[in-house]
file target38.cif (mmCIF, C-alpha atoms)
data_protein
loop_
_atom_site.label_atom_id
_atom_site.label_comp_id
_atom_site.auth_asym_id
_atom_site.auth_seq_id
_atom_site.Cartn_x
_atom_site.Cartn_y
_atom_site.Cartn_z
CA GLU R 284 -78.54 119.11 -288.40
CA PHE R 285 -77.85 120.52 -284.91
CA ASP R 286 -80.35 121.06 -282.09
CA VAL R 287 -78.52 124.22 -280.98
CA VAL R 288 -75.86 126.41 -282.62
CA LYS R 289 -74.57 128.77 -279.94
CA GLY R 290 -75.16 132.40 -280.79
CA GLU R 291 -77.07 131.57 -283.97
CA TYR R 292 -79.87 129.09 -283.33
CA GLU R 293 -81.31 128.05 -279.96
CA GLY R 294 -83.50 125.10 -280.95
CA GLY R 295 -86.76 126.95 -281.53
CA LEU R 296 -87.94 124.63 -284.30
CA LYS R 297 -87.61 121.47 -282.20
CA LEU R 298 -90.30 120.28 -279.80
CA TRP R 299 -88.40 119.65 -276.57
CA GLU R 300 -89.35 117.19 -273.82
CA GLY R 301 -89.67 119.94 -271.23
CA ALA R 302 -92.37 121.69 -273.25
CA VAL R 303 -94.42 118.48 -273.32
CA ASP R 304 -93.87 118.04 -269.56
CA LEU R 305 -95.12 121.57 -268.91
CA VAL R 306 -98.14 121.04 -271.15
CA ASN R 307 -98.99 117.82 -269.33
CA HIS R 308 -98.76 119.59 -265.98
CA MET R 309 -101.00 122.42 -267.18
CA ARG R 310 -103.53 119.96 -268.60
CA SER R 311 -103.70 118.06 -265.33
CA VAL R 312 -104.25 121.33 -263.46
CA ILE R 313 -106.99 122.37 -265.89
CA THR R 314 -108.78 119.02 -265.47
CA GLN R 315 -108.65 119.30 -261.68
CA THR R 316 -109.68 122.94 -261.48
CA HIS R 317 -112.56 122.39 -263.91
CA ARG R 318 -114.14 120.14 -261.27
CA ASP R 319 -114.06 123.00 -258.78
CA GLN R 320 -115.19 125.69 -261.22
CA LEU R 321 -118.87 125.65 -260.25
CA GLN R 322 -118.05 125.96 -256.58
CA GLN R 323 -115.74 128.92 -257.23
CA GLN R 324 -118.43 130.61 -259.33
CA GLN R 325 -120.96 130.12 -256.55
CA GLN R 326 -118.54 131.66 -254.06
CA LYS R 327 -117.86 134.51 -256.53
CA GLN R 328 -114.34 134.66 -255.22
CA LYS R 329 -111.08 135.03 -257.12
CA LEU R 330 -108.23 133.06 -255.60
CA CYS R 331 -104.98 134.82 -254.79
CA LEU R 332 -102.49 134.03 -257.52
CA ARG R 333 -100.41 132.19 -254.96
CA ASP R 334 -103.29 129.81 -254.16
CA ALA R 335 -104.46 129.26 -257.74
CA ASP R 336 -103.20 126.20 -259.62
CA ALA R 337 -104.44 127.46 -263.00
CA CYS R 338 -102.96 130.87 -262.17
CA TRP R 339 -102.76 131.98 -265.82
CA ARG R 340 -106.53 132.47 -266.09
CA GLY R 341 -107.37 136.14 -266.50
CA GLU R 342 -103.70 137.13 -266.35
CA ARG R 343 -101.00 138.30 -268.76
CA VAL R 344 -98.62 135.43 -269.57
CA ILE R 345 -95.19 135.28 -271.22
CA GLU R 346 -93.31 132.21 -272.44
CA PHE R 347 -89.54 132.49 -272.77
CA GLY R 348 -87.73 130.48 -275.43
CA CYS R 349 -91.10 129.32 -276.66
CA GLY R 350 -90.41 127.73 -280.06
CA HIS R 351 -93.66 125.90 -280.83
CA ALA R 352 -95.23 127.67 -277.81
CA LEU R 353 -97.48 124.78 -276.77
CA PRO R 354 -97.60 125.82 -273.07
CA LEU R 355 -98.46 129.39 -274.05
CA ILE R 356 -101.20 128.16 -276.37
CA ILE R 357 -102.67 126.10 -273.52
CA ALA R 358 -102.71 129.24 -271.35
CA ALA R 359 -104.34 131.28 -274.15
CA MET R 360 -107.02 128.64 -274.70
CA ASP R 361 -107.66 128.39 -270.94
CA GLY R 362 -108.43 132.03 -270.33
CA ALA R 363 -105.20 134.04 -270.22
CA ARG R 364 -105.95 137.73 -270.72
CA GLY R 365 -102.98 138.35 -272.99
CA VAL R 366 -99.95 136.33 -274.04
CA CYS R 367 -96.40 137.10 -275.17
CA ALA R 368 -94.16 134.64 -277.02
CA HIS R 369 -90.38 135.01 -276.92
CA ASP R 370 -87.73 133.11 -278.84
CA TYR R 371 -84.10 133.85 -279.61
CA ASN R 372 -84.72 133.50 -283.34
CA LYS R 373 -87.29 135.59 -285.18
CA PHE R 374 -87.72 132.86 -287.81
CA ALA R 375 -88.74 130.39 -285.08
CA LEU R 376 -91.56 132.74 -284.10
CA GLU R 377 -92.64 133.10 -287.72
CA LEU R 378 -92.39 129.43 -288.72
CA ALA R 379 -93.42 127.67 -285.49
CA THR R 380 -95.06 130.01 -282.98
CA ALA R 381 -97.30 132.05 -285.29
CA HIS R 382 -98.24 128.93 -287.27
CA ASN R 383 -99.30 127.04 -284.14
CA PHE R 384 -101.27 130.00 -282.80
CA ALA R 385 -103.07 130.38 -286.12
CA ARG R 386 -104.11 126.71 -286.00
CA ASN R 387 -105.19 126.67 -282.37
CA VAL R 388 -106.09 130.17 -281.17
CA PRO R 389 -108.87 132.01 -283.05
CA HIS R 390 -107.97 135.09 -285.11
CA PRO R 391 -104.41 135.97 -284.03
CA GLN R 392 -104.04 138.59 -286.85
CA LEU R 393 -100.38 139.40 -286.23
CA ARG R 394 -98.59 142.50 -287.47
CA GLN R 395 -94.83 143.06 -287.45
CA LEU R 396 -93.12 145.91 -285.61
CA ILE R 397 -89.39 146.54 -285.22
CA HIS R 398 -87.98 148.25 -282.12
CA ASP R 399 -84.36 149.39 -281.75
CA GLN R 400 -83.19 149.18 -278.14
CA PRO R 401 -80.62 151.66 -276.70
CA ASN R 402 -77.92 148.96 -276.85
CA LYS R 403 -78.57 148.70 -280.61
CA THR R 404 -79.90 145.17 -280.25
CA ASN R 405 -82.84 144.61 -282.55
CA ILE R 406 -86.01 143.39 -280.88
CA SER R 407 -88.74 142.32 -283.24
CA SER R 408 -92.18 142.47 -281.73
CA SER R 409 -95.65 141.88 -283.07
CA LYS R 410 -98.79 142.27 -281.03
CA ASN R 411 -102.50 142.82 -280.95
CA ASN R 412 -104.95 142.58 -278.04
CA ASN R 413 -104.13 138.91 -277.51
CA LEU R 414 -100.63 138.08 -278.72
CA GLU R 415 -97.23 139.76 -278.59
CA MET R 416 -94.06 138.21 -280.03
CA ILE R 417 -90.50 139.20 -279.13
CA SER R 418 -87.22 137.80 -280.46
CA GLY R 419 -83.74 138.40 -279.15
CA SER R 420 -81.12 137.49 -276.57
CA TRP R 421 -81.80 137.36 -272.84
CA ARG R 422 -80.05 140.69 -272.44
CA SER R 423 -82.17 142.45 -275.04
CA VAL R 424 -85.39 140.88 -273.77
CA ARG R 425 -84.61 141.98 -270.23
CA ALA R 426 -84.15 145.56 -271.51
CA ALA R 427 -87.51 145.38 -273.28
CA LEU R 428 -89.23 144.07 -270.13
CA PHE R 429 -87.81 146.86 -267.97
CA GLN R 430 -89.25 149.41 -270.41
CA LYS R 431 -92.79 148.04 -270.11
CA PRO R 432 -95.20 150.12 -268.01
CA SER R 433 -96.81 148.43 -265.02
CA HIS R 434 -100.06 147.58 -266.81
CA GLU R 435 -98.12 145.71 -269.52
CA LYS R 436 -96.09 143.58 -267.12
CA PHE R 437 -96.92 139.90 -266.67
CA ARG R 438 -98.27 137.86 -263.78
CA VAL R 439 -97.26 134.42 -265.10
CA ALA R 440 -94.09 133.28 -266.90
CA LEU R 441 -93.51 129.94 -268.63
CA ALA R 442 -90.33 128.34 -269.96
CA ALA R 443 -89.04 124.92 -271.01
CA GLU R 444 -85.47 123.73 -271.59
CA THR R 445 -83.97 127.20 -271.11
CA VAL R 446 -81.39 126.40 -268.40
CA TYR R 447 -78.96 124.15 -270.26
CA ASP R 448 -76.27 126.83 -270.67
CA VAL R 449 -74.54 127.77 -267.40
CA SER R 450 -73.15 130.97 -268.92
CA GLN R 451 -76.70 132.22 -269.68
CA MET R 452 -78.45 131.18 -266.46
CA ARG R 453 -78.12 134.49 -264.69
CA ALA R 454 -79.31 136.43 -267.75
CA PHE R 455 -82.35 134.17 -268.02
CA ALA R 456 -83.09 134.52 -264.30
CA HIS R 457 -83.05 138.31 -264.79
CA CYS R 458 -85.70 137.94 -267.52
CA VAL R 459 -87.96 135.82 -265.33
CA LEU R 460 -87.85 138.34 -262.48
CA ALA R 461 -88.06 141.39 -264.77
CA ALA R 462 -91.29 140.05 -266.29
CA PHE R 463 -93.19 140.88 -263.09
CA ASP R 464 -94.12 144.26 -261.63
CA LEU R 465 -92.25 144.08 -258.34
CA ASN R 466 -92.76 147.79 -257.61
CA ARG R 467 -96.53 147.80 -257.37
CA PRO R 468 -98.13 148.35 -253.95
CA ALA R 469 -98.30 145.22 -251.85
CA ASN R 470 -101.14 144.03 -249.68
CA CYS R 471 -101.79 141.08 -247.42
CA GLY R 472 -101.72 137.83 -249.37
CA CYS R 473 -100.18 139.50 -252.42
CA CYS R 474 -98.36 137.43 -255.02
CA TYR R 475 -96.35 139.44 -257.51
CA GLY R 476 -96.01 136.65 -260.05
CA VAL R 477 -95.70 132.93 -260.74
CA ALA R 478 -93.29 131.15 -263.08
CA PHE R 479 -93.19 127.55 -264.29
CA ILE R 480 -89.82 126.28 -265.53
CA ALA R 481 -89.61 122.79 -267.06
CA ALA R 482 -86.15 121.31 -267.51
CA LYS R 483 -83.80 118.44 -266.78
CA ARG R 484 -82.16 118.39 -263.38
CA TYR R 485 -78.80 118.14 -265.13
CA TYR R 486 -77.74 118.45 -268.77
CA PHE R 487 -74.90 116.07 -269.52
CA GLY R 488 -72.14 117.57 -271.62
CA VAL R 489 -73.06 121.21 -271.03
CA GLY R 490 -73.28 121.39 -267.24
CA GLY R 491 -76.55 123.28 -266.80
CA GLY R 492 -79.70 122.05 -265.12
CA LEU R 493 -82.71 122.98 -263.03
CA ASN R 494 -81.08 122.40 -259.65
CA GLN R 495 -78.28 124.83 -260.46
CA PHE R 496 -80.77 127.34 -261.86
CA GLU R 497 -82.62 127.35 -258.52
CA GLN R 498 -79.41 128.40 -256.81
CA VAL R 499 -78.66 131.11 -259.39
CA LEU R 500 -82.23 132.48 -259.23
CA THR R 501 -82.32 132.53 -255.42
CA LYS R 502 -78.98 134.34 -255.16
CA LEU R 503 -79.94 136.92 -257.81
CA PHE R 504 -83.36 137.53 -256.23
CA ARG R 505 -81.90 138.18 -252.79
CA LYS R 506 -79.20 140.48 -254.15
CA GLU R 507 -81.11 142.61 -256.66
CA TYR R 508 -84.88 142.06 -256.52
CA GLN R 509 -85.96 141.29 -252.97
CA GLN R 510 -86.01 144.92 -251.87
CA THR R 511 -87.51 146.78 -254.80
CA SER R 512 -90.04 148.92 -252.97
CA HIS R 513 -90.40 150.67 -249.61
CA ASP R 514 -93.95 149.31 -249.34
CA ASP R 515 -92.77 145.69 -249.24
CA PRO R 516 -89.06 145.67 -248.36
CA SER R 517 -88.66 141.93 -248.00
CA LYS R 518 -90.34 139.87 -250.68
CA ALA R 519 -90.09 136.08 -250.57
CA LEU R 520 -89.22 133.59 -253.29
CA LEU R 521 -91.02 130.25 -252.98
CA LEU R 522 -89.71 127.32 -255.04
CA ARG R 523 -91.32 123.89 -255.33
CA LYS R 524 -91.23 121.10 -257.87
CA VAL R 525 -94.81 120.34 -258.92
CA ARG R 526 -94.01 117.52 -261.34
CA SER R 527 -91.13 115.07 -261.77
CA ILE R 528 -90.63 112.70 -264.71
CA ALA R 529 -88.29 109.71 -264.69
CA ASP R 530 -89.38 107.80 -267.79
CA GLY R 531 -85.95 106.56 -268.89
CA SER R 532 -85.89 108.64 -272.07
CA SER R 533 -83.48 111.10 -270.42
CA ASN R 534 -82.26 111.94 -266.95
CA VAL R 535 -84.88 113.13 -264.47
CA ARG R 536 -86.95 116.12 -265.56
CA ASP R 537 -88.94 118.50 -263.33
CA VAL R 538 -91.47 121.28 -263.53
CA LEU R 539 -90.50 123.99 -261.05
CA ARG R 540 -93.09 126.46 -259.75
CA ILE R 541 -91.76 129.83 -258.57
CA ASP R 542 -93.94 132.22 -256.54
CA ILE R 543 -92.82 135.72 -255.62
CA VAL R 544 -94.94 136.73 -252.65
CA SER R 545 -95.27 139.67 -250.31
CA SER R 546 -93.55 139.47 -246.94
CA LYS R 547 -96.92 140.59 -245.56
CA SER R 548 -98.43 137.26 -246.63
CA GLY R 549 -96.17 135.37 -244.27
CA GLY R 550 -94.16 133.68 -247.01
CA ALA R 551 -90.63 132.50 -246.48
CA ALA R 552 -88.06 131.60 -249.10
CA SER R 553 -87.75 127.88 -249.63
CA ARG R 554 -86.03 125.43 -251.90
#

call {"tool": "encode", "arguments": {"input": "target38.cif", "output": "structure tokens"}}
result
Amino acid sequence: EFDVVKGEYEGGLKLWEGAVDLVNHMRSVITQTHRDQLQQQQQKQKLCLRDADACWRGERVIEFGCGHALPLIIAAMDGARGVCAHDYNKFALELATAHNFARNVPHPQLRQLIHDQPNKTNISSSKNNNLEMISGSWRSVRAALFQKPSHEKFRVALAAETVYDVSQMRAFAHCVLAAFDLNRPANCGCCYGVAFIAAKRYYFGVGGGLNQFEQVLTKLFRKEYQQTSHDDPSKALLLRKVRSIADGSSNVRDVLRIDIVSSKSGGAASR
């Protein structure tokens, strides 16, 4: 009856507009990069994550608040090395995410595991070589991400319609930044991770929106994540809208690309 019930159900069984927007962006990138694939193979050169449009190829990818997980499925089908699906509700993962993966991604073969975090928040996780599923609040997911060793961190994060609640924006921003290994050694041209966030610029009635999330993310990054290692003491956060939709069905929607790059690559924070 309701799209969202605060604290109980976060809309994981509904297919939201932002997810479709993100899928459409990824599909357009895949079509374009396919044309250049032969040339890249001939050069035998892997693009820096920062310079790659289809940056999920060969990388570990997580989707936050995934629900039906269509963007994550696109990444899995287009060469992601491993994928992780998160949703607030475990039943959304079981009824929507796992079902869609089974129909579209060969042989998911999921198994259920239960992990108790130190704060006594239950995190349910299921994984094999290709797919991991995590359910829980932003706070509990952040704790789980911090516990991951470097080789299990992610290089690409996806999310759609996750910034509608102002009170949860900072917690979600923590999750996005905690998904990446910001402590690994940096080198020239290094990109620590890329995130794509699809959302409305403003959510009427609840006050959230993508523009406000950019401000929250930038402030949090500068305060707590910019200086996470002595090797690269001044990382840069690059923000740019790669797709905008004004189709009249809602207010304007955007797909925001976020790159966290090494200061040694010459990047500068932008909005």

call {"tool": "closest_residue", "arguments": {"input": "target38.cif", "among": "R:Val538, R:Arg453, R:Lys518, R:Ile480", "to": "Leu500 of chain R", "atoms": "only C-alpha atoms"}}
result
R:Arg453

call {"tool": "closest_residue", "arguments": {"input": "target38.cif", "among": "R:Cys474, R:Ala337, R:Ala427, R:Leu460", "to": "Ser311 of chain R", "atoms": "only C-alpha atoms"}}
result
R:Ala337

call {"tool": "atom_distance", "arguments": {"input": "target38.cif", "atom1": "atom CA of Asp530 of chain R", "atom2": "atom CA of Thr314 of chain R"}}
result
22.5 Å

call {"tool": "resolve_selection", "arguments": {"input": "target38.cif", "expression": "the PyMOL selection byres ((chain R and resi 484) around 7)", "output": "list in words"}}
result
Ala482, Lys483, Tyr485, Tyr486, Gly492, Leu493, Asn494, Val535, Arg536 and Asp537 of chain R

call {"tool": "atom_distance", "arguments": {"input": "target38.cif", "atom1": "atom CA of Gly490 of chain R", "atom2": "atom CA of Leu353 of chain R"}}
result
26.2 Å

call {"tool": "atom_distance", "arguments": {"input": "target38.cif", "atom1": "atom CA of Ser420 of chain R", "atom2": "atom CA of Ala385 of chain R"}}
result
25.0 Å

call {"tool": "resolve_selection", "arguments": {"input": "target38.cif", "expression": "the PyMOL selection byres ((chain R and resi 435) around 12)", "output": "PyMOL selection string"}}
result
chain R and resi 342-345+364-367+412+415+427-434+436-438+461-464

call {"tool": "axis_aligned_box", "arguments": {"input": "target38.cif", "around": "segment 365-384 of chain R", "padding_each_side": "3 Å", "output": "lines of an AutoDock Vina configuration file"}}
result
center_x = -93.5
center_y = 132.7
center_z = -280.9
size_x = 24.9
size_y = 17.3
size_z = 21.7

call {"tool": "closest_residue", "arguments": {"input": "target38.cif", "among": "R:Leu465, R:Cys473, R:Met360, R:Val525", "to": "Gln509 of chain R", "atoms": "all atoms listed in the file"}}
result
R:Leu465

call {"tool": "resolve_selection", "arguments": {"input": "target38.cif", "expression": "the PyMOL selection byres ((chain R and resi 347) around 7)", "output": "list of chain:residue names"}}
result
R:Ile345, R:Glu346, R:Gly348, R:Cys349, R:Ala368, R:His369, R:Asp370, R:Leu441, R:Ala442

call {"tool": "closest_residue", "arguments": {"input": "target38.cif", "among": "R:Asp542, R:Lys297, R:Val477, R:Leu503", "to": "Leu520 of chain R", "atoms": "all atoms listed in the file"}}
result
R:Asp542

call {"tool": "closest_residue", "arguments": {"input": "target38.cif", "among": "R:Ile356, R:Arg526, R:Glu444, R:Lys373", "to": "Gly491 of chain R", "atoms": "only C-alpha atoms"}}
result
R:Glu444

call {"tool": "decode", "arguments": {"input": "target38.cif", "residues": "segment 443-462 of chain R", "atoms": "N, CA, C and O atoms", "output": "PDB file, in the first residue's frame"}}
result
ATOM      1  N   ALA R 443      20.407   3.973  -6.538  1.00  0.00           N
ATOM      2  CA  ALA R 443      19.314   4.722  -7.158  1.00  0.00           C
ATOM      3  C   ALA R 443      18.253   5.028  -6.108  1.00  0.00           C
ATOM      4  O   ALA R 443      17.856   4.142  -5.345  1.00  0.00           O
ATOM      5  N   GLU R 444      17.819   6.270  -6.077  1.00  0.00           N
ATOM      6  CA  GLU R 444      16.737   6.717  -5.184  1.00  0.00           C
ATOM      7  C   GLU R 444      17.043   6.437  -3.714  1.00  0.00           C
ATOM      8  O   GLU R 444      16.182   5.996  -2.949  1.00  0.00           O
ATOM      9  N   THR R 445      18.266   6.717  -3.301  1.00  0.00           N
ATOM     10  CA  THR R 445      18.671   6.461  -1.917  1.00  0.00           C
ATOM     11  C   THR R 445      18.909   7.746  -1.123  1.00  0.00           C
ATOM     12  O   THR R 445      19.389   7.690   0.018  1.00  0.00           O
ATOM     13  N   VAL R 446      18.575   8.914  -1.699  1.00  0.00           N
ATOM     14  CA  VAL R 446      18.894  10.178  -1.025  1.00  0.00           C
ATOM     15  C   VAL R 446      17.640  11.004  -0.750  1.00  0.00           C
ATOM     16  O   VAL R 446      17.695  12.226  -0.675  1.00  0.00           O
ATOM     17  N   TYR R 447      16.510  10.336  -0.574  1.00  0.00           N
ATOM     18  CA  TYR R 447      15.250  11.049  -0.351  1.00  0.00           C
ATOM     19  C   TYR R 447      15.049  11.458   1.110  1.00  0.00           C
ATOM     20  O   TYR R 447      14.224  12.315   1.404  1.00  0.00           O
ATOM     21  N   ASP R 448      15.787  10.849   2.024  1.00  0.00           N
ATOM     22  CA  ASP R 448      15.622  11.108   3.453  1.00  0.00           C
ATOM     23  C   ASP R 448      16.817  11.913   3.954  1.00  0.00           C
ATOM     24  O   ASP R 448      17.936  11.403   4.048  1.00  0.00           O
ATOM     25  N   VAL R 449      16.579  13.176   4.294  1.00  0.00           N
ATOM     26  CA  VAL R 449      17.662  14.053   4.739  1.00  0.00           C
ATOM     27  C   VAL R 449      18.361  13.486   5.970  1.00  0.00           C
ATOM     28  O   VAL R 449      19.588  13.557   6.093  1.00  0.00           O
ATOM     29  N   SER R 450      17.595  12.888   6.865  1.00  0.00           N
ATOM     30  CA  SER R 450      18.165  12.390   8.125  1.00  0.00           C
ATOM     31  C   SER R 450      19.121  11.213   7.907  1.00  0.00           C
ATOM     32  O   SER R 450      19.917  10.887   8.781  1.00  0.00           O
ATOM     33  N   GLN R 451      19.053  10.562   6.731  1.00  0.00           N
ATOM     34  CA  GLN R 451      19.897   9.398   6.454  1.00  0.00           C
ATOM     35  C   GLN R 451      20.994   9.682   5.432  1.00  0.00           C
ATOM     36  O   GLN R 451      21.767   8.789   5.093  1.00  0.00           O
ATOM     37  N   MET R 452      21.066  10.915   4.947  1.00  0.00           N
ATOM     38  CA  MET R 452      22.036  11.238   3.893  1.00  0.00           C
ATOM     39  C   MET R 452      23.477  11.017   4.325  1.00  0.00           C
ATOM     40  O   MET R 452      24.277  10.434   3.600  1.00  0.00           O
ATOM     41  N   ARG R 453      23.806  11.488   5.507  1.00  0.00           N
ATOM     42  CA  ARG R 453      25.189  11.362   5.966  1.00  0.00           C
ATOM     43  C   ARG R 453      25.573   9.901   6.169  1.00  0.00           C
ATOM     44  O   ARG R 453      26.691   9.484   5.836  1.00  0.00           O
ATOM     45  N   ALA R 454      24.648   9.108   6.704  1.00  0.00           N
ATOM     46  CA  ALA R 454      24.913   7.683   6.904  1.00  0.00           C
ATOM     47  C   ALA R 454      25.128   6.978   5.570  1.00  0.00           C
ATOM     48  O   ALA R 454      26.011   6.116   5.442  1.00  0.00           O
ATOM     49  N   PHE R 455      24.330   7.353   4.571  1.00  0.00           N
ATOM     50  CA  PHE R 455      24.504   6.759   3.248  1.00  0.00           C
ATOM     51  C   PHE R 455      25.822   7.199   2.629  1.00  0.00           C
ATOM     52  O   PHE R 455      26.541   6.388   2.008  1.00  0.00           O
ATOM     53  N   ALA R 456      26.180   8.460   2.777  1.00  0.00           N
ATOM     54  CA  ALA R 456      27.455   8.951   2.249  1.00  0.00           C
ATOM     55  C   ALA R 456      28.622   8.188   2.865  1.00  0.00           C
ATOM     56  O   ALA R 456      29.606   7.867   2.186  1.00  0.00           O
ATOM     57  N   HIS R 457      28.535   7.889   4.163  1.00  0.00           N
ATOM     58  CA  HIS R 457      29.551   7.065   4.825  1.00  0.00           C
ATOM     59  C   HIS R 457      29.682   5.717   4.121  1.00  0.00           C
ATOM     60  O   HIS R 457      30.794   5.219   3.903  1.00  0.00           O
ATOM     61  N   CYS R 458      28.565   5.091   3.781  1.00  0.00           N
ATOM     62  CA  CYS R 458      28.600   3.781   3.126  1.00  0.00           C
ATOM     63  C   CYS R 458      29.292   3.855   1.770  1.00  0.00           C
ATOM     64  O   CYS R 458      30.093   2.978   1.417  1.00  0.00           O
ATOM     65  N   VAL R 459      28.960   4.875   0.998  1.00  0.00           N
ATOM     66  CA  VAL R 459      29.582   5.029  -0.324  1.00  0.00           C
ATOM     67  C   VAL R 459      31.098   5.130  -0.188  1.00  0.00           C
ATOM     68  O   VAL R 459      31.852   4.438  -0.888  1.00  0.00           O
ATOM     69  N   LEU R 460      31.573   5.964   0.720  1.00  0.00           N
ATOM     70  CA  LEU R 460      33.010   6.155   0.879  1.00  0.00           C
ATOM     71  C   LEU R 460      33.681   4.949   1.529  1.00  0.00           C
ATOM     72  O   LEU R 460      34.819   4.606   1.202  1.00  0.00           O
ATOM     73  N   ALA R 461      32.978   4.275   2.446  1.00  0.00           N
ATOM     74  CA  ALA R 461      33.553   3.108   3.119  1.00  0.00           C
ATOM     75  C   ALA R 461      33.655   1.899   2.200  1.00  0.00           C
ATOM     76  O   ALA R 461      34.371   0.946   2.502  1.00  0.00           O
ATOM     77  N   ALA R 462      32.963   1.922   1.075  1.00  0.00           N
ATOM     78  CA  ALA R 462      33.010   0.791   0.144  1.00  0.00           C
ATOM     79  C   ALA R 462      34.377   0.649  -0.514  1.00  0.00           C
ATOM     80  O   ALA R 462      34.761  -0.440  -0.948  1.00  0.00           O
TER      81      ALA R 462
END
